[in-house]
file final-v4.txt (compact mmCIF, C-alpha atoms and all ligand atoms)
# COMPACT_ATOMS: atom_id res chain seq x y z
CA MET H 427 45.68 6.03 31.21
CA GLU H 428 45.26 8.83 33.77
CA ARG H 429 41.94 9.05 35.62
CA TYR H 430 40.39 12.35 36.66
CA PRO H 431 37.30 13.13 38.75
CA SER H 432 36.04 15.48 36.00
CA ALA H 433 37.01 17.48 32.90
CA ARG H 434 37.75 20.41 35.21
CA ALA H 435 40.24 18.30 37.18
CA LEU H 436 41.88 17.14 33.94
CA ILE H 437 42.31 20.72 32.74
CA ASP H 438 43.66 21.85 36.11
CA ALA H 439 46.17 19.00 36.03
CA ILE H 440 47.51 19.14 32.48
CA LYS H 441 46.45 22.35 30.67
CA PRO H 442 46.65 20.39 27.39
CA ASP H 443 47.86 21.89 24.16
CA ARG H 444 45.86 19.37 22.12
CA PRO H 445 42.18 18.49 22.27
CA VAL H 446 41.41 15.71 24.74
CA PHE H 447 38.96 12.83 24.65
CA GLY H 448 37.49 12.48 28.10
CA ILE H 449 36.30 8.88 28.20
CA ARG H 450 33.67 7.64 30.63
CA PRO H 451 33.79 3.86 30.25
CA HIS H 452 31.32 3.47 33.13
CA ALA H 453 28.69 5.24 31.00
CA ALA H 454 29.21 2.84 28.09
CA GLY H 455 29.02 -0.09 30.50
CA ARG H 456 25.78 1.22 31.98
CA ALA H 457 24.24 1.67 28.53
CA ALA H 458 25.25 -1.87 27.54
CA GLN H 459 23.77 -3.30 30.74
CA TRP H 460 20.56 -1.42 30.11
CA PHE H 461 20.22 -2.85 26.60
CA LEU H 462 21.16 -6.36 27.71
CA ARG H 463 18.53 -6.24 30.48
CA ASN H 464 15.76 -4.56 28.52
CA PHE H 465 16.03 -5.54 24.86
CA PRO H 466 14.07 -8.78 24.32
CA GLY H 467 16.71 -10.33 22.05
CA GLU H 468 20.42 -10.22 21.17
CA VAL H 469 22.38 -6.97 21.39
CA ALA H 470 25.24 -6.43 18.95
CA TYR H 471 27.39 -3.29 19.11
CA ALA H 472 27.92 -1.41 15.82
CA TYR H 473 31.72 -1.27 15.94
CA LYS H 474 31.92 1.75 13.63
CA ALA H 475 30.45 4.12 16.21
CA ASN H 476 33.59 4.15 18.38
CA ASP H 477 36.41 1.60 18.42
CA SER H 478 38.41 2.98 21.34
CA VAL H 479 39.75 0.04 23.36
CA PHE H 480 38.31 1.64 26.49
CA MET H 481 34.86 1.76 24.96
CA ILE H 482 35.04 -1.76 23.55
CA GLY H 483 36.43 -2.99 26.87
CA ALA H 484 33.59 -1.37 28.80
CA LEU H 485 30.94 -2.85 26.49
CA TYR H 486 32.53 -6.30 26.56
CA GLY H 487 32.95 -6.12 30.33
CA ALA H 488 29.23 -5.38 30.60
CA GLY H 489 28.42 -8.48 28.55
CA ILE H 490 28.33 -7.43 24.90
CA THR H 491 29.84 -10.24 22.82
CA HIS H 492 28.17 -9.65 19.46
CA PHE H 493 29.56 -7.00 17.14
CA ASP H 494 28.35 -5.62 13.82
CA VAL H 495 31.36 -4.98 11.59
CA ALA H 496 31.45 -3.23 8.22
CA SER H 497 34.97 -3.70 6.85
CA ILE H 498 38.04 -5.93 6.97
CA PRO H 499 39.91 -3.70 9.46
CA GLU H 500 36.88 -3.65 11.77
CA LEU H 501 36.46 -7.39 11.62
CA GLU H 502 40.17 -8.00 12.17
CA ASP H 503 40.10 -5.78 15.26
CA ALA H 504 36.86 -7.18 16.65
CA ALA H 505 38.03 -10.75 16.05
CA THR H 506 40.77 -10.25 18.66
CA ILE H 507 38.10 -10.11 21.39
CA PRO H 508 37.70 -13.56 22.97
CA GLY H 509 34.47 -15.41 22.30
CA VAL H 510 32.87 -12.82 20.05
CA ARG H 511 30.24 -13.40 17.40
CA LEU H 512 30.62 -11.08 14.42
CA HIS H 513 27.90 -10.00 11.99
CA PHE H 514 29.10 -8.53 8.68
CA MET H 515 26.13 -6.24 8.07
CA HIS H 516 27.44 -3.93 5.33
CA PRO H 517 25.24 -4.80 2.32
CA VAL H 518 28.09 -4.25 -0.18
CA LYS H 519 31.27 -6.23 0.46
CA SER H 520 34.27 -6.93 -1.71
CA ARG H 521 34.82 -10.54 -2.73
CA ALA H 522 38.07 -10.52 -0.76
CA ALA H 523 36.22 -9.35 2.36
CA ILE H 524 33.63 -12.13 2.03
CA ARG H 525 36.33 -14.78 1.58
CA LEU H 526 38.37 -13.53 4.52
CA ALA H 527 35.32 -13.19 6.76
CA TYR H 528 33.99 -16.66 6.02
CA HIS H 529 37.13 -18.73 5.63
CA GLU H 530 39.58 -17.02 8.01
CA TYR H 531 37.36 -15.52 10.68
CA GLY H 532 34.45 -17.97 10.75
CA ILE H 533 31.80 -15.31 10.11
CA ARG H 534 28.51 -16.83 8.99
CA CYS H 535 26.22 -13.82 9.26
CA PHE H 536 26.07 -11.44 6.26
CA ALA H 537 23.67 -8.74 5.08
CA LEU H 538 22.76 -8.18 1.42
CA ASP H 539 20.27 -6.17 -0.59
CA THR H 540 20.67 -7.41 -4.18
CA GLU H 541 20.79 -10.68 -6.08
CA ASP H 542 24.31 -9.77 -7.24
CA GLU H 543 25.50 -9.56 -3.65
CA LEU H 544 23.80 -12.88 -2.87
CA ALA H 545 25.65 -14.48 -5.79
CA LYS H 546 28.95 -13.03 -4.54
CA ILE H 547 28.41 -14.47 -1.07
CA VAL H 548 27.47 -17.90 -2.42
CA GLU H 549 30.43 -17.97 -4.81
CA GLU H 550 33.05 -16.72 -2.39
CA THR H 551 31.98 -19.09 0.40
CA GLY H 552 32.03 -22.05 -2.01
CA GLY H 553 28.27 -22.59 -1.78
CA ALA H 554 28.40 -22.84 2.03
CA LYS H 555 25.46 -24.52 3.72
CA ASP H 556 25.75 -22.74 7.06
CA LEU H 557 25.09 -19.11 6.08
CA GLU H 558 22.92 -16.73 8.09
CA LEU H 559 21.79 -14.22 5.48
CA PHE H 560 19.92 -11.04 6.33
CA VAL H 561 18.12 -9.22 3.53
CA ARG H 562 18.34 -5.48 4.15
CA ILE H 563 15.12 -3.69 3.31
CA ALA H 564 14.70 0.07 2.99
CA VAL H 565 12.21 1.59 5.42
CA PRO H 566 11.11 5.22 5.67
CA ALA H 567 13.10 7.35 8.11
CA LYS H 568 10.90 9.13 10.63
CA ASN H 569 12.25 11.74 13.03
CA SER H 570 15.76 10.57 12.28
CA ARG H 571 18.74 12.93 12.15
CA VAL H 572 20.74 10.77 9.77
CA PRO H 573 18.39 8.95 7.36
CA LEU H 574 20.01 5.88 5.79
CA GLU H 575 17.33 4.46 3.50
CA ARG H 576 18.58 6.03 0.26
CA LYS H 577 21.85 4.19 0.12
CA PHE H 578 20.92 0.63 1.07
CA GLY H 579 17.87 -1.58 1.18
CA VAL H 580 15.45 -3.24 -1.20
CA THR H 581 11.66 -2.87 -1.29
CA GLY H 582 8.48 -4.31 -2.85
CA HIS H 583 8.59 -7.11 -5.44
CA LYS H 584 12.36 -7.04 -5.60
CA ALA H 585 12.55 -7.58 -1.85
CA ALA H 586 10.08 -10.48 -1.94
CA ARG H 587 12.00 -12.10 -4.80
CA LEU H 588 15.32 -11.63 -3.02
CA LEU H 589 13.90 -13.22 0.14
CA VAL H 590 12.77 -16.27 -1.81
CA LYS H 591 16.15 -16.61 -3.54
CA THR H 592 18.06 -16.11 -0.31
CA ARG H 593 15.89 -18.69 1.48
CA GLN H 594 17.04 -21.27 -1.08
CA VAL H 595 20.71 -20.94 -0.07
CA ALA H 596 20.61 -19.76 3.56
CA ASP H 597 20.68 -21.96 6.62
CA GLU H 598 19.05 -19.07 8.47
CA LEU H 599 17.13 -16.34 6.67
CA GLY H 600 16.79 -12.94 8.29
CA ILE H 601 15.44 -9.50 7.52
CA THR H 602 17.20 -6.34 8.63
CA PHE H 603 16.65 -2.60 8.31
CA HIS H 604 17.96 0.68 9.70
CA VAL H 605 15.46 3.41 10.56
CA GLY H 606 18.18 6.11 10.45
CA SER H 607 20.57 7.22 13.15
CA GLN H 608 19.34 9.35 16.07
CA THR H 609 15.70 8.42 15.59
CA THR H 610 13.87 10.24 18.34
CA THR H 611 10.45 8.55 18.27
CA PRO H 612 9.71 4.81 18.29
CA ASP H 613 7.02 4.90 15.58
CA ALA H 614 9.78 4.46 12.97
CA TYR H 615 10.34 0.92 14.29
CA ALA H 616 6.58 0.23 14.33
CA ASN H 617 6.34 1.25 10.65
CA ALA H 618 9.42 -0.75 9.75
CA LEU H 619 8.11 -3.90 11.45
CA SER H 620 4.79 -3.56 9.70
CA GLU H 621 6.67 -3.34 6.36
CA VAL H 622 8.53 -6.49 7.40
CA HIS H 623 5.20 -8.17 8.18
CA LYS H 624 3.78 -7.37 4.73
CA LEU H 625 6.94 -8.52 3.03
CA ILE H 626 7.04 -11.89 4.80
CA VAL H 627 3.42 -12.53 3.76
CA LYS H 628 4.14 -11.45 0.18
CA ALA H 629 7.24 -13.64 -0.14
CA GLY H 630 5.72 -16.61 1.73
CA VAL H 631 9.04 -17.59 3.32
CA VAL H 632 10.00 -18.83 6.77
CA VAL H 633 12.08 -16.19 8.53
CA ASP H 634 14.52 -17.11 11.31
CA GLY H 635 15.87 -13.70 12.33
CA ILE H 636 14.81 -10.06 12.52
CA ASP H 637 17.55 -7.48 13.03
CA VAL H 638 16.11 -4.05 13.81
CA GLY H 639 19.48 -2.38 13.28
CA GLY H 640 20.62 0.71 15.16
CA GLY H 641 19.04 4.14 15.26
CA PHE H 642 18.37 4.32 19.01
CA PRO H 643 18.89 7.89 20.14
CA SER H 644 21.11 9.78 22.52
CA ARG H 645 20.48 13.20 24.08
CA TYR H 646 21.81 16.44 22.71
CA THR H 647 21.05 20.07 23.50
CA ASP H 648 18.69 20.24 20.53
CA SER H 649 17.33 16.69 20.70
CA HIS H 650 15.01 15.29 23.38
CA PRO H 651 14.10 11.76 22.37
CA ALA H 652 11.38 9.53 23.77
CA PRO H 653 12.65 7.24 26.55
CA LEU H 654 14.46 4.12 25.35
CA SER H 655 11.86 1.92 27.08
CA ALA H 656 9.26 3.25 24.61
CA PHE H 657 11.43 1.96 21.74
CA ILE H 658 11.70 -1.46 23.40
CA ASP H 659 7.91 -1.65 23.87
CA VAL H 660 7.19 -0.84 20.23
CA ILE H 661 9.79 -3.30 18.94
CA SER H 662 8.57 -6.10 21.25
CA SER H 663 4.96 -5.77 20.21
CA GLY H 664 5.79 -5.39 16.49
CA PHE H 665 8.02 -8.47 16.64
CA GLU H 666 5.42 -10.58 18.47
CA ARG H 667 2.90 -10.00 15.69
CA LEU H 668 5.22 -11.19 12.90
CA PRO H 669 4.52 -14.47 11.08
CA VAL H 670 7.97 -15.94 11.73
CA SER H 671 9.40 -19.28 12.83
CA ALA H 672 8.90 -20.22 16.48
CA ALA H 673 12.64 -19.96 17.11
CA CYS H 674 13.02 -16.62 15.30
CA ARG H 675 15.85 -14.49 16.76
CA LEU H 676 15.42 -10.79 17.44
CA ILE H 677 18.60 -8.73 17.18
CA CYS H 678 19.50 -5.05 17.52
CA GLU H 679 22.73 -3.28 16.58
CA PRO H 680 22.96 0.01 18.44
CA GLY H 681 26.01 2.19 17.99
CA ARG H 682 25.14 5.70 19.10
CA ALA H 683 22.96 4.76 22.08
CA LEU H 684 25.73 2.68 23.64
CA VAL H 685 28.62 5.13 23.37
CA ALA H 686 27.46 8.69 22.63
CA GLU H 687 27.28 9.83 26.21
CA ALA H 688 30.46 7.99 27.20
CA GLU H 689 32.88 10.45 25.61
CA SER H 690 33.44 14.20 25.82
CA LEU H 691 35.82 16.34 23.82
CA ILE H 692 37.72 19.03 25.71
CA VAL H 693 38.86 21.89 23.51
CA ARG H 694 40.69 25.16 24.05
CA VAL H 695 39.57 28.54 22.77
CA ASP H 696 42.44 29.92 20.68
CA ALA H 697 40.70 33.13 19.64
CA ARG H 698 37.42 34.96 20.15
CA ARG H 699 35.89 37.26 17.56
CA GLY H 700 32.57 38.53 18.86
CA ASP H 701 30.31 35.52 19.15
CA GLU H 702 32.68 33.30 17.18
CA LEU H 703 35.08 31.03 19.05
CA PHE H 704 38.08 29.51 17.28
CA ILE H 705 38.69 26.17 18.98
CA ASN H 706 41.34 23.48 18.52
CA ASP H 707 39.12 20.74 17.02
CA GLY H 708 36.40 20.88 14.41
CA SER H 709 34.56 19.37 11.48
CA TYR H 710 37.61 17.47 10.24
CA GLY H 711 38.06 16.12 13.75
CA ALA H 712 35.49 14.88 16.24
CA LEU H 713 32.89 17.55 15.44
CA PHE H 714 31.83 16.38 11.98
CA ASP H 715 28.23 15.92 13.14
CA ALA H 716 28.12 19.44 14.58
CA ALA H 717 29.32 20.92 11.30
CA HIS H 718 27.54 18.81 8.72
CA LEU H 719 24.42 17.58 10.51
CA ASN H 720 23.99 20.56 12.84
CA PHE H 721 24.14 18.52 16.03
CA VAL H 722 24.19 20.89 19.00
CA PHE H 723 26.27 19.06 21.59
CA PRO H 724 26.05 20.15 25.24
CA VAL H 725 28.92 22.45 26.29
CA GLN H 726 30.36 23.84 29.49
CA LEU H 727 33.28 26.05 30.45
CA VAL H 728 35.63 23.89 32.54
CA SER H 729 38.76 25.96 33.14
CA ARG H 730 37.53 28.59 35.59
CA ASP H 731 34.58 29.57 37.73
CA VAL H 732 32.30 32.38 36.65
CA PRO H 733 29.87 34.20 38.95
CA ALA H 734 26.43 32.56 38.98
CA THR H 735 25.03 35.92 37.87
CA GLU H 736 27.06 35.98 34.66
CA PRO H 737 24.74 35.70 31.64
CA MET H 738 25.06 32.89 29.10
CA ALA H 739 25.42 33.85 25.45
CA PRO H 740 25.13 31.98 22.12
CA PHE H 741 28.38 31.18 20.30
CA GLU H 742 29.37 29.48 17.09
CA PHE H 743 32.61 27.53 16.70
CA TRP H 744 35.29 27.55 14.02
CA GLY H 745 37.64 24.56 13.88
CA PRO H 746 41.43 24.86 13.57
CA THR H 747 41.91 24.14 9.83
CA CYS H 748 42.09 26.80 7.11
CA ASP H 749 38.87 25.57 5.58
CA SER H 750 35.76 27.70 5.92
CA ILE H 751 33.43 24.69 6.07
CA ASP H 752 35.19 23.92 9.36
CA ARG H 753 32.32 25.67 11.15
CA MET H 754 29.93 24.46 13.83
CA LYS H 755 27.12 26.96 13.97
CA GLY H 756 25.45 25.75 17.16
CA PRO H 757 24.32 27.91 18.92
CA PHE H 758 26.46 26.78 21.84
CA MET H 759 25.47 28.53 25.07
CA LEU H 760 28.47 29.55 27.19
CA PRO H 761 29.27 32.25 29.76
CA ALA H 762 29.36 35.65 28.05
CA SER H 763 32.91 36.35 29.28
CA ILE H 764 34.45 33.34 27.51
CA ARG H 765 37.89 34.21 26.16
CA GLU H 766 41.08 32.95 24.58
CA GLY H 767 42.75 30.29 26.73
CA ASP H 768 39.50 28.97 28.21
CA TYR H 769 38.71 25.25 27.90
CA ILE H 770 35.29 23.91 26.97
CA GLU H 771 33.91 20.42 27.54
CA ILE H 772 31.79 19.34 24.56
CA GLY H 773 29.69 16.44 25.78
CA ASN H 774 28.11 13.34 24.23
CA VAL H 775 30.45 13.15 21.23
CA GLY H 776 31.18 9.43 21.78
CA ALA H 777 29.29 8.22 18.71
CA TYR H 778 30.97 8.88 15.35
CA GLY H 779 33.17 11.68 16.79
CA ARG H 780 36.62 10.11 17.04
CA ALA H 781 35.54 7.50 14.48
CA ILE H 782 35.19 10.09 11.71
CA GLY H 783 38.06 12.44 12.59
CA GLY H 784 40.98 12.77 10.14
CA ARG H 785 44.37 14.49 9.95
CA PHE H 786 43.60 17.42 7.61
CA ASN H 787 46.03 20.35 8.01
CA GLY H 788 48.06 18.32 10.49
CA TYR H 789 45.37 18.39 13.15
CA GLY H 790 43.50 15.36 14.46
CA SER H 791 45.88 14.34 17.23
CA TYR H 792 44.31 13.97 20.66
CA LEU H 793 45.19 13.29 24.25
CA GLU H 794 42.96 10.98 26.27
CA GLY H 795 41.93 10.70 29.89
CA ILE H 796 39.38 8.71 31.86
CA LEU H 797 36.69 10.83 33.53
CA LEU H 798 35.00 9.41 36.59
CA ASP H 799 32.00 11.73 36.77
CA GLU H 800 28.70 11.50 34.95
CA PRO H 801 28.06 12.45 31.30
CA MET H 802 26.62 15.88 30.56
CA PHE H 803 23.32 14.31 29.38
CA THR H 804 22.14 10.76 29.85
CA MET H 805 19.40 8.56 28.41
CA TYR H 806 19.82 6.13 31.30
CA ASP H 807 18.18 7.01 34.54
CA ILE H 808 21.16 6.88 36.81
CA GLU H 809 19.29 7.04 40.10
CA GLN H 810 16.88 4.30 39.14
CA GLN H 811 19.71 2.03 38.12
CA GLN H 812 21.67 2.70 41.27
CA ALA H 813 18.57 2.03 43.39
CA ALA H 814 17.99 -1.24 41.52
CA GLN H 815 21.55 -2.34 42.17
CA ALA H 816 21.53 -1.37 45.87
C1 LIG B 1 24.15 -1.78 9.53
C2 LIG B 1 24.22 -0.80 10.66
N1 LIG B 1 23.90 -1.22 11.90
C3 LIG B 1 23.96 -0.40 12.97
C4 LIG B 1 24.38 0.91 12.84
C5 LIG B 1 24.43 1.77 14.07
O1 LIG B 1 23.51 2.80 14.01
P1 LIG B 1 23.26 3.80 15.23
O2 LIG B 1 24.57 4.36 15.60
O3 LIG B 1 22.31 4.79 14.70
O4 LIG B 1 22.68 3.00 16.36
C6 LIG B 1 24.68 1.42 11.56
C7 LIG B 1 25.07 2.82 11.38
O5 LIG B 1 25.30 3.33 10.33
C8 LIG B 1 24.61 0.53 10.44
O6 LIG B 1 24.92 0.95 9.20

call {"tool": "encode", "arguments": {"input": "final-v4.txt", "output": "C-alpha cells"}}
result
Amino acid sequence: MERYPSARALIDAIKPDRPVFGIRPHAAGRAAQWFLRNFPGEVAYAYKANDSVFMIGALYGAGITHFDVASIPELEDAATIPGVRLHFMHPVKSRAAIRLAYHEYGIRCFALDTEDELAKIVEETGGAKDLELFVRIAVPAKNSRVPLERKFGVTGHKAARLLVKTRQVADELGITFHVGSQTTTPDAYANALSEVHKLIVKAGVVVDGIDVGGGFPSRYTDSHPAPLSAFIDVISSGFERLPVSAACRLICEPGRALVAEAESLIVRVDARRGDELFINDGSYGALFDAAHLNFVFPVQLVSRDVPATEPMAPFEFWGPTCDSIDRMKGPFMLPASIREGDYIEIGNVGAYGRAIGGRFNGYGSYLEGILLDEPMFTMYDIEQQQAAQA
C-alpha cells in the first residue's frame, strides 16, 4: 500500500479516477491506546464499524484483542487474528450461527434479549455449562445521532424475569446496553447504569459483567461532543455504585470512537451546478450517514491552492448514481471557486462509511492509500499524548 504525507500529496501523485480511502492507521492506534489506558475495564472493538485490515491491524497492534462480532462472516474474519477473544453481541442469531460460534470457534460470550433466544442458545450449545450470557436491556437514547433502543433490548418485569432465567443456565451473567451511536453527552451512560442498578435489585441476581456497549462519539462539523474523559468518569462512578459481584467485569465495545477519525474519503467533483456538486461517491457508497442521518463531515479542497482571501461557500453534494436520494445536503463549506475536476477530502468517515457502501449502479469501487498526517478533527488530544510519551 502506497503511503503519502497527506491527501494533497496523494492527489498530486495519482489524480485518481475512483474515490480513494485515505487511511490513517496511526489515528486508530492512538484511539485504541487511549481507550486501553483510560477505560477502567476491557475494551472490545465493534468489528462492524470498519473491517479494513489496516484498521484492524492498527487496533490489534495497539493492544485490542477483544472484538464484538455480529455475524458469521465477521466472526470468521475476526477469528483469524491470533489470540483474540470474541463476543457475539447481536441479540438475534440464527441457530447455525450459535452452533458455529460455540462449537467451531470457541465463543462463549453471547447477548440475548428474549427467552426464545436464551432457549436457542441453550439448545444449540447442548446445554453448555460455560456460557457468558449478557442480557441486552433497552435504555433511553439521549443526545444520540443513531438511537438503537427500538430494535433491541428488554425492560421492566420482562428484563428481571429474563435475568433470573439466564442466571440459571449461565456460568457468567452479564447485562449490556447501547445508548445509541454518536452520543455526545455522558449523561446517557449515567441514566443507563441507574436503570441497570434498579434492574439488578428487582431481579435479585448476582451479576458478573456489565457491558456498556458502544456509542462513544467522534467529531464532525456539526457535532461537538463532551470530552471522552467525561464519559469515562460517568461510567466509572455509575459502575462503582452497582450491587454486583466483587469480581464483576466492566466492558465497552466502541466502534465509531476508535476508527471514525482514522479514515478520509477523497472524491472528485464531476460537475458543478450552482451550489450543488456532483461527486464520485455518495449515499450508496461511504456517505450513507451524510445522506440518511445528515452527518456533516469535515471537508477540504485538496487539489489546488486558493488565495487566503477567497470566500468559503455552502455546498450540497449529489452522489454518482441515478437515484435522487443519493444526496448529501450538508452544508459543506468549500472555497467559492470550486469546480469540475477538483478533489475534496471528506474527513472522519472511518466509522460505518466503507462498511455500509454497496455496488449500486456499478459504483462502490475504491482505491486506497495510507495518509501520514493528522485527521481533520480529533477527539484525542494529540499534543498531550505526544508530551506524555516524550
Ligand atoms: C452491540 C453493539 N456494540 C457496539 C456497537 C458500536 O457502536 P458505536 O459505533 O456507536 O460505538 C454497536 C453498533 O451498532 C452494537 O450494535

call {"tool": "residues_near_ligand", "arguments": {"input": "final-v4.txt", "ligand": "ligand LIG 1 (chain B)", "cutoff": "10 Å", "atoms": "all atoms listed in the file", "output": "JSON, numbers by chain"}}
result
{"H": [470, 471, 472, 473, 474, 475, 476, 493, 494, 495, 496, 513, 514, 515, 516, 517, 537, 562, 570, 571, 572, 573, 574, 578, 602, 603, 604, 605, 606, 607, 608, 609, 637, 638, 639, 640, 641, 642, 643, 644, 678, 679, 680, 681, 682, 683, 684, 685, 686, 777, 778]}

call {"tool": "atom_distance", "arguments": {"input": "final-v4.txt", "atom1": "atom CA of Pro566 of chain H", "atom2": "atom CA of Arg667 of chain H"}}
result
20.0 Å

call {"tool": "closest_residue", "arguments": {"input": "final-v4.txt", "among": "H:Ser662, H:Gln594, H:Ser649, H:Thr804", "to": "Ala545 of chain H", "atoms": "only C-alpha atoms"}}
result
H:Gln594

call {"tool": "closest_residue", "arguments": {"input": "final-v4.txt", "among": "H:Leu793, H:Ala484, H:Ile764, H:Ala656", "to": "Arg699 of chain H", "atoms": "all atoms listed in the file"}}
result
H:Ile764

call {"tool": "closest_residue", "arguments": {"input": "final-v4.txt", "among": "H:Ala585, H:Ala454, H:Leu654, H:Ile490", "to": "Lys624 of chain H", "atoms": "all atoms listed in the file"}}
result
H:Ala585

call {"tool": "closest_atom_pairs", "arguments": {"input": "final-v4.txt", "of": "segment 650-732 of chain H", "to": "segment 612-615 of chain H", "cutoff": "9 Å", "atoms": "all atoms listed in the file", "output": "JSON lines"}}
result
{"residue": "H:Ala652", "atom": "CA", "partner": "H:Pro612", "partner_atom": "CA", "distance": 7.4}
{"residue": "H:Leu654", "atom": "CA", "partner": "H:Pro612", "partner_atom": "CA", "distance": 8.5}
{"residue": "H:Ala656", "atom": "CA", "partner": "H:Pro612", "partner_atom": "CA", "distance": 6.5}
{"residue": "H:Phe657", "atom": "CA", "partner": "H:Pro612", "partner_atom": "CA", "distance": 4.8}
{"residue": "H:Ile658", "atom": "CA", "partner": "H:Pro612", "partner_atom": "CA", "distance": 8.3}
{"residue": "H:Asp659", "atom": "CA", "partner": "H:Pro612", "partner_atom": "CA", "distance": 8.7}
{"residue": "H:Val660", "atom": "CA", "partner": "H:Pro612", "partner_atom": "CA", "distance": 6.5}
{"residue": "H:Ile661", "atom": "CA", "partner": "H:Tyr615", "partner_atom": "CA", "distance": 6.3}
{"residue": "H:Gly664", "atom": "CA", "partner": "H:Tyr615", "partner_atom": "CA", "distance": 8.1}

call {"tool": "write_last_selection", "arguments": {"input": "final-v4.txt", "atoms": "C-alpha atoms", "output": "tab-separated table (two decimals), in the frame of the given file"}}
result
chain	number	residue	atom	x	y	z
H	652	ALA	CA	11.38	9.53	23.77
H	654	LEU	CA	14.46	4.12	25.35
H	656	ALA	CA	9.26	3.25	24.61
H	657	PHE	CA	11.43	1.96	21.74
H	658	ILE	CA	11.70	-1.46	23.40
H	659	ASP	CA	7.91	-1.65	23.87
H	660	VAL	CA	7.19	-0.84	20.23
H	661	ILE	CA	9.79	-3.30	18.94
H	664	GLY	CA	5.79	-5.39	16.49

call {"tool": "closest_residue", "arguments": {"input": "final-v4.txt", "among": "H:Phe723, H:Ser655, H:Lys568, H:Ile626", "to": "Phe465 of chain H", "atoms": "only C-alpha atoms"}}
result
H:Ser655

call {"tool": "residues_near_point", "arguments": {"input": "final-v4.txt", "point": "(30.5, 32.7, 12.3)", "cutoff": "10 Å", "atoms": "only C-alpha atoms", "output": "PyMOL selection string"}}
result
chain H and resi 699-704+741-744+750+753-756

call {"tool": "residues_near_point", "arguments": {"input": "final-v4.txt", "point": "(16.0, -6.6, -4.1)", "cutoff": "6 Å", "atoms": "all atoms listed in the file", "output": "list in words"}}
result
Asp539, Thr540, Val580, Lys584, Ala585 and Leu588 of chain H

call {"tool": "atom_distance", "arguments": {"input": "final-v4.txt", "atom1": "atom CA of Thr611 of chain H", "atom2": "atom CA of Phe665 of chain H"}}
result
17.3 Å

call {"tool": "atom_distance", "arguments": {"input": "final-v4.txt", "atom1": "atom CA of Pro651 of chain H", "atom2": "atom CA of Pro724 of chain H"}}
result
14.9 Å

call {"tool": "residues_around", "arguments": {"input": "final-v4.txt", "residues": "Asp799 of chain H", "least_positions_apart": "6", "cutoff": "8 Å", "atoms": "all atoms listed in the file", "output": "PyMOL selection string"}}
result
chain H and resi 431-432+450

call {"tool": "closest_residue", "arguments": {"input": "final-v4.txt", "among": "H:Arg511, H:Lys546, H:Arg521, H:Arg587", "to": "Ser497 of chain H", "atoms": "all atoms listed in the file"}}
result
H:Arg521
